[in-house]
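Beneath this line is the structure, given in structure tokens, with notes to follow.
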Amino acid sequence: MPKAVPAREHDLEKEVATPGFSVVAQALAEVGRHFYDRGWVMGTSGNFSAVIRRDPLRLAITATGVDKGLLATDQIVQVGPDGKTVEGSRRPSDEVKLHLTIVRRCGAGAVLHTHSVWATLLSETFAGDGGVELEGYEMLKGLARVRTHTHKEWVPIIENSQDTEALSRSVEETLEHHPTSHGFLVRRHGLYTWGQDLVEAKRHVEIFEFLLEVVGRTMSASAKGL
């Protein structure tokens, strides 16, 4: 019969297995610089977060107004479930409430927001349709739980707002109506996607950015009669 693990020892094992704030902050900074190099988060655009622990909820997130090409670990702060800083000297991203909404609604372990040219353009082009449908592309298999290129991925488009409370409610409603979506666009703003951890979320950004660019370039070529 296996030996029972004392509660205190068991809790310690779980805590040790969870990446600390400094480790997560370093990983987020590396992702941010990589996305900047790809042209997906120019200047101070974009924001990134990752869950440090679930109970009580602790989230590492980029500070507001920082250059993503020079993103450093001291520009990542830790916030609680109310979005207020509990570790770090800076103010968290103004869109922290959106990250918290996605984490709670989707059980996400990381949330990444980019401001690429193609995501911005297509979020306006397809705004009247309420979203962009992606189908038939092999790259769709890079999304979690997708096993075939025939998968239809609906990417909803949400109207932008400087009222983050209202925007968070729109996100909540969108995720409720489209529970299988892996991401959404904010009109004339950019892409939000997430994953069970930072590795999966980063992959989702790469998949979506590739597919959005393909759609945009295909439309441009068709318009030119190529």
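Ordering of the structure tokens sets the chain letters (A, B, ...), residue numbers begin anew at 1 in every chain, and ligands are numbered from 1 in the order given.
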- Item | Surrounding residues of Arg38 in chain A excluding itself and chain neighbours under 5 positions, 12 Å, only C-alpha atoms, as a PyMOL selection string | chain A and resi 31-33+68-69+114-117+205-206+209-210
- Would you please give, as a ChimeraX atom specification, all residues of range 30-168 of chain A that DSSP assigns to strand (DSSP E or B) based on the backbone? /A:47-54,57-63,76-79,85-87,92,110-114,131-135,152-158
- Query: Contacts of Ala63 in chain A at 12 Å or less, counting only C-alpha atoms, minus same-chain residues fewer than 3 places along, as a PyMOL selection string?
  - Reply: chain A and resi 25+28-29+32+44-49+59-60+66-68+71-79+83-85+87-96
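Across A:Gly109, A:Gly142, A:Gly136, A:Gly183, the tightest approach to Arg203 in chain A is made by A:Gly142 when counting only C-alpha atoms.
Nearest to Val171 in chain A of all the residues A:Thr120, A:Thr125, A:Thr101, A:Ser220 is A:Thr101, counting only C-alpha atoms.
Across A:Val215, A:Val51, A:Ala108, A:Ala27, the tightest approach to Gly80 in chain A is made by A:Val51 when counting only C-alpha atoms.
Minimum atom-to-atom distances from A:Val86, A:Trp40, A:Arg104, A:Leu122 to Val214 in chain A were compared using only C-alpha atoms, and the lowest value belongs to A:Leu122.
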- Check the DSSP output for the backbone and give back, as an MDAnalysis selection string, the residues of chain A in helix (DSSP H, G or I). chainID A and resid 7:17 21:37 68:70 73:75 96:106 117:125 127:129 138:142 164:177 198:223
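Of the residues under consideration (A:Ile157, A:Leu167, A:Val111, A:Leu212), A:Ile157 shows the shortest atom-to-atom contact distance to Val186 in chain A when counting only C-alpha atoms.
Taking CA of Gly131 in chain A as the reference point, CA of Thr218 in chain A is found at 17.2 Å.
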- Contacts of Glu135 in chain A at 8 Å (only C-alpha atoms; same-chain gap of 3+ positions) as a VMD selection string: chain A and resid 140 149 to 153
- The distance between CA of Leu191 in chain A and CA of Phe208 in chain A is 8.4 Å
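Here CA of Arg188 in chain A is placed at a distance of 10.5 Å from CA of Ser161 in chain A.
Among the candidate residues A:Arg217, A:Glu159, A:Leu112, A:Val23, the one lying nearest to Gly130 in chain A is A:Glu159, with distances computed using only C-alpha atoms.
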